[in-house]
Amino acid sequence: MEIGAVIAAAGLSSRMGDFKPMLNIGSISISQRIVATLKQAGVGRIAVVTGYNADALERHLAQSGVVFLRNENYRATHMFDSARIGLEYMSGKCQKLLFTPVDVPLFTAATVEALISSGCELACPVCGGERGHPILMSSAVAKKLISDGG
């Protein structure tokens, strides 16, 4: 079963005051950690939706084997629009898809593996009663999201 992932990284990082995808956690950046964790869990296709500071982030992740998609209208759109760009690209390529914003890097490969093996059409991790990321969805759920008007 082909598993794909979409990482939304198009935002302005306006609340942070710095460009979140390239901030380090230990020896690697947030974006590198997410990609590495997804790959460790067996995710075969990863798309990163860029927008703000796209050239720098794409250079930063150039050797990671991900596909880059651009949300050219990132200043006027929301994360859902970036998610839609990534899900549309993955449509028909994967049976299951994971979605996460780039600013949620501290999930583990074990969490991703548990989501994938759950057999659910739609699932997310829960910690302390709070839902988190990544979100797992079947291709059928992704198609419904793509067609949603937001």
# chains A, B, ... in the order shown; residues from 1 in each chain; ligands from 1
$ residues_around --residues "Asn24 of chain A" --least-positions-apart "6" --cutoff "12 Å" --atoms "only C-alpha atoms" --output "JSON, numbers by chain"
{"A": [18, 30, 31, 32, 33, 34, 103, 105]}
$ select_by_dssp --residues "segment 3-104 of chain A" --states "helix (DSSP H, G or I)" --output "ChimeraX atom specification"
/A:20-22,30-40,54-60,62-64,79-90
$ write_last_selection --atoms "N, CA, C and O atoms" --output "compact mmCIF listing (two decimals), in the first residue's frame"
# COMPACT_ATOMS: atom_id res chain seq x y z
N LYS A 20 9.81 29.39 10.56
CA LYS A 20 9.68 28.15 11.32
C LYS A 20 10.26 26.91 10.64
O LYS A 20 10.96 26.14 11.30
N PRO A 21 10.00 26.68 9.36
CA PRO A 21 10.48 25.43 8.77
C PRO A 21 11.98 25.21 8.86
O PRO A 21 12.44 24.07 8.84
N MET A 22 12.75 26.31 8.98
CA MET A 22 14.21 26.16 9.00
C MET A 22 14.82 26.38 10.38
O MET A 22 16.04 26.36 10.53
N ILE A 30 13.26 21.87 11.75
CA ILE A 30 11.90 21.36 11.94
C ILE A 30 11.45 20.60 10.70
O ILE A 30 10.93 19.49 10.80
N SER A 31 11.63 21.20 9.53
CA SER A 31 11.18 20.55 8.29
C SER A 31 11.96 19.26 8.02
O SER A 31 11.37 18.25 7.60
N GLN A 32 13.25 19.26 8.27
CA GLN A 32 14.05 18.04 8.07
C GLN A 32 13.60 16.94 9.03
O GLN A 32 13.56 15.77 8.66
N ARG A 33 13.26 17.32 10.25
CA ARG A 33 12.81 16.33 11.23
C ARG A 33 11.50 15.67 10.79
O ARG A 33 11.35 14.45 10.89
N ILE A 34 10.56 16.47 10.30
CA ILE A 34 9.28 15.91 9.86
C ILE A 34 9.51 14.94 8.70
O ILE A 34 8.98 13.82 8.70
N VAL A 35 10.30 15.35 7.73
CA VAL A 35 10.58 14.48 6.57
C VAL A 35 11.25 13.19 7.04
O VAL A 35 10.85 12.09 6.63
N ALA A 36 12.24 13.29 7.91
CA ALA A 36 12.95 12.11 8.40
C ALA A 36 12.02 11.17 9.17
O ALA A 36 12.09 9.94 9.00
N THR A 37 11.16 11.73 10.00
CA THR A 37 10.22 10.91 10.78
C THR A 37 9.25 10.18 9.86
O THR A 37 8.99 8.98 10.04
N LEU A 38 8.72 10.88 8.86
CA LEU A 38 7.80 10.25 7.92
C LEU A 38 8.49 9.13 7.15
O LEU A 38 7.94 8.03 7.00
N LYS A 39 9.70 9.38 6.70
CA LYS A 39 10.44 8.34 5.97
C LYS A 39 10.76 7.15 6.86
O LYS A 39 10.66 6.00 6.43
N GLN A 40 11.13 7.41 8.11
CA GLN A 40 11.42 6.34 9.05
C GLN A 40 10.20 5.44 9.24
O GLN A 40 10.33 4.23 9.43
N ALA A 54 9.79 30.38 -0.26
CA ALA A 54 9.80 29.08 -0.94
C ALA A 54 11.18 28.71 -1.46
O ALA A 54 11.61 27.56 -1.29
N ASP A 55 11.86 29.63 -2.11
CA ASP A 55 13.17 29.29 -2.68
C ASP A 55 14.14 28.79 -1.62
O ASP A 55 14.84 27.80 -1.82
N ALA A 56 14.18 29.47 -0.49
CA ALA A 56 15.10 29.07 0.59
C ALA A 56 14.73 27.70 1.15
O ALA A 56 15.61 26.86 1.36
N LEU A 57 13.45 27.46 1.38
CA LEU A 57 13.04 26.16 1.94
C LEU A 57 13.28 25.04 0.93
O LEU A 57 13.74 23.96 1.31
N GLU A 58 13.02 25.29 -0.32
CA GLU A 58 13.24 24.27 -1.34
C GLU A 58 14.73 23.94 -1.47
O GLU A 58 15.10 22.77 -1.63
N ARG A 59 15.59 24.93 -1.37
CA ARG A 59 17.04 24.67 -1.37
C ARG A 59 17.44 23.86 -0.12
O ARG A 59 18.23 22.92 -0.19
N HIS A 60 16.86 24.25 1.01
CA HIS A 60 17.15 23.60 2.29
C HIS A 60 16.80 22.11 2.26
O HIS A 60 17.52 21.28 2.84
N ALA A 62 16.34 20.29 -0.60
CA ALA A 62 16.57 19.79 -1.96
C ALA A 62 17.08 18.35 -2.00
O ALA A 62 16.75 17.61 -2.93
N GLN A 63 17.85 17.93 -1.05
CA GLN A 63 18.44 16.58 -1.06
C GLN A 63 17.58 15.55 -0.32
O GLN A 63 17.99 14.41 -0.16
N SER A 64 16.39 15.94 0.11
CA SER A 64 15.58 15.05 0.96
C SER A 64 14.64 14.13 0.18
O SER A 64 13.98 13.29 0.78
N MET A 79 -4.31 27.69 5.48
CA MET A 79 -3.65 26.39 5.45
C MET A 79 -4.48 25.36 4.67
O MET A 79 -3.93 24.50 4.00
N PHE A 80 -5.80 25.45 4.75
CA PHE A 80 -6.65 24.51 4.01
C PHE A 80 -6.35 24.55 2.52
O PHE A 80 -6.37 23.52 1.85
N ASP A 81 -6.06 25.74 2.00
CA ASP A 81 -5.74 25.86 0.58
C ASP A 81 -4.43 25.17 0.24
O ASP A 81 -4.31 24.52 -0.80
N SER A 82 -3.45 25.27 1.12
CA SER A 82 -2.19 24.55 0.92
C SER A 82 -2.42 23.04 1.03
O SER A 82 -1.85 22.26 0.25
N ALA A 83 -3.23 22.62 1.99
CA ALA A 83 -3.57 21.20 2.12
C ALA A 83 -4.21 20.70 0.84
O ALA A 83 -3.85 19.62 0.34
N ARG A 84 -5.12 21.46 0.30
CA ARG A 84 -5.81 21.06 -0.94
C ARG A 84 -4.81 20.90 -2.09
O ARG A 84 -4.90 19.95 -2.86
N ILE A 85 -3.85 21.82 -2.21
CA ILE A 85 -2.83 21.73 -3.26
C ILE A 85 -2.08 20.40 -3.14
O ILE A 85 -1.89 19.67 -4.12
N GLY A 86 -1.66 20.07 -1.93
CA GLY A 86 -0.94 18.82 -1.71
C GLY A 86 -1.79 17.59 -1.91
O GLY A 86 -1.35 16.61 -2.54
N LEU A 87 -3.01 17.61 -1.42
CA LEU A 87 -3.90 16.45 -1.57
C LEU A 87 -4.28 16.23 -3.03
O LEU A 87 -4.38 15.09 -3.48
N GLU A 88 -4.48 17.31 -3.77
CA GLU A 88 -4.77 17.18 -5.21
C GLU A 88 -3.60 16.51 -5.92
O GLU A 88 -3.80 15.65 -6.77
N TYR A 89 -2.40 16.92 -5.58
CA TYR A 89 -1.21 16.32 -6.20
C TYR A 89 -1.14 14.82 -5.88
O TYR A 89 -0.83 13.99 -6.74
N MET A 90 -1.42 14.46 -4.64
CA MET A 90 -1.32 13.06 -4.21
C MET A 90 -2.50 12.21 -4.67
O MET A 90 -2.41 10.99 -4.66
$ closest_residue --among "A:Ala8, A:Leu145, A:Leu97, A:Ala41" --to "Asn71 of chain A" --atoms "only C-alpha atoms"
A:Ala8
$ closest_residue --among "A:Leu23, A:Ala10, A:Val48, A:Ala123" --to "Glu72 of chain A" --atoms "only C-alpha atoms"
A:Ala10
$ closest_residue --among "A:Ala142, A:Leu136, A:Glu130, A:Phe19" --to "Glu113 of chain A" --atoms "only C-alpha atoms"
A:Leu136
$ select_by_dssp --residues "chain A" --states "strand (DSSP E or B)" --output "PyMOL selection string"
chain A and resi 3-9+24-25+28-29+45-51+53+67-70+96-101+122-123+126-127+130-131+135-138
$ residues_around --residues "Leu12 of chain A" --least-positions-apart "3" --cutoff "9 Å" --atoms "only C-alpha atoms" --output "number ranges by chain"
A: 9, 15, 18-20, 51-53, 74-75
$ write_last_selection --atoms "N, CA, C and O atoms" --output "CSV table (one decimal), in the first residue's frame"
chain,number,residue,atom,x,y,z
A,9,ALA,N,3.8,24.1,4.4
A,9,ALA,CA,4.9,25.0,4.8
A,9,ALA,C,4.8,26.3,4.1
A,9,ALA,O,5.9,26.9,3.8
A,15,ARG,N,3.6,35.0,13.5
A,15,ARG,CA,3.6,35.0,15.0
A,15,ARG,C,4.9,34.6,15.6
A,15,ARG,O,5.2,35.0,16.7
A,18,ASP,N,10.3,34.4,13.1
A,18,ASP,CA,11.4,33.7,12.3
A,18,ASP,C,10.7,32.7,11.4
A,18,ASP,O,9.6,32.3,11.6
A,19,PHE,N,11.5,32.2,10.4
A,19,PHE,CA,10.9,31.3,9.5
A,19,PHE,C,11.0,29.9,10.1
A,19,PHE,O,12.0,29.2,10.1
A,20,LYS,N,9.8,29.4,10.6
A,20,LYS,CA,9.7,28.2,11.3
A,20,LYS,C,10.3,26.9,10.6
A,20,LYS,O,11.0,26.1,11.3
A,51,GLY,N,5.4,28.4,0.0
A,51,GLY,CA,4.9,29.7,-0.4
A,51,GLY,C,5.8,30.8,0.0
A,51,GLY,O,6.7,31.1,-0.7
A,52,TYR,N,5.6,31.3,1.2
A,52,TYR,CA,6.5,32.3,1.8
A,52,TYR,C,7.9,31.7,1.9
A,52,TYR,O,8.1,30.6,2.3
A,53,ASN,N,8.9,32.4,1.4
A,53,ASN,CA,10.3,32.0,1.5
A,53,ASN,C,10.6,30.6,0.8
A,53,ASN,O,11.4,29.8,1.2
A,74,TYR,N,-0.1,32.4,-1.2
A,74,TYR,CA,0.0,32.1,0.2
A,74,TYR,C,-0.4,33.3,1.1
A,74,TYR,O,-0.9,33.1,2.2
A,75,ARG,N,-0.2,34.5,0.6
A,75,ARG,CA,-0.5,35.7,1.5
A,75,ARG,C,-2.0,35.8,1.7
A,75,ARG,O,-2.5,36.4,2.7
$ residues_around --residues "Cys94 of chain A" --least-positions-apart "5" --cutoff "8 Å" --atoms "only C-alpha atoms" --output "JSON, numbers by chain"
{"A": [1, 2, 3, 4, 139]}
$ atom_distance --atom1 "atom CA of Lys143 of chain A" --atom2 "atom CA of Phe99 of chain A"
13.5 Å
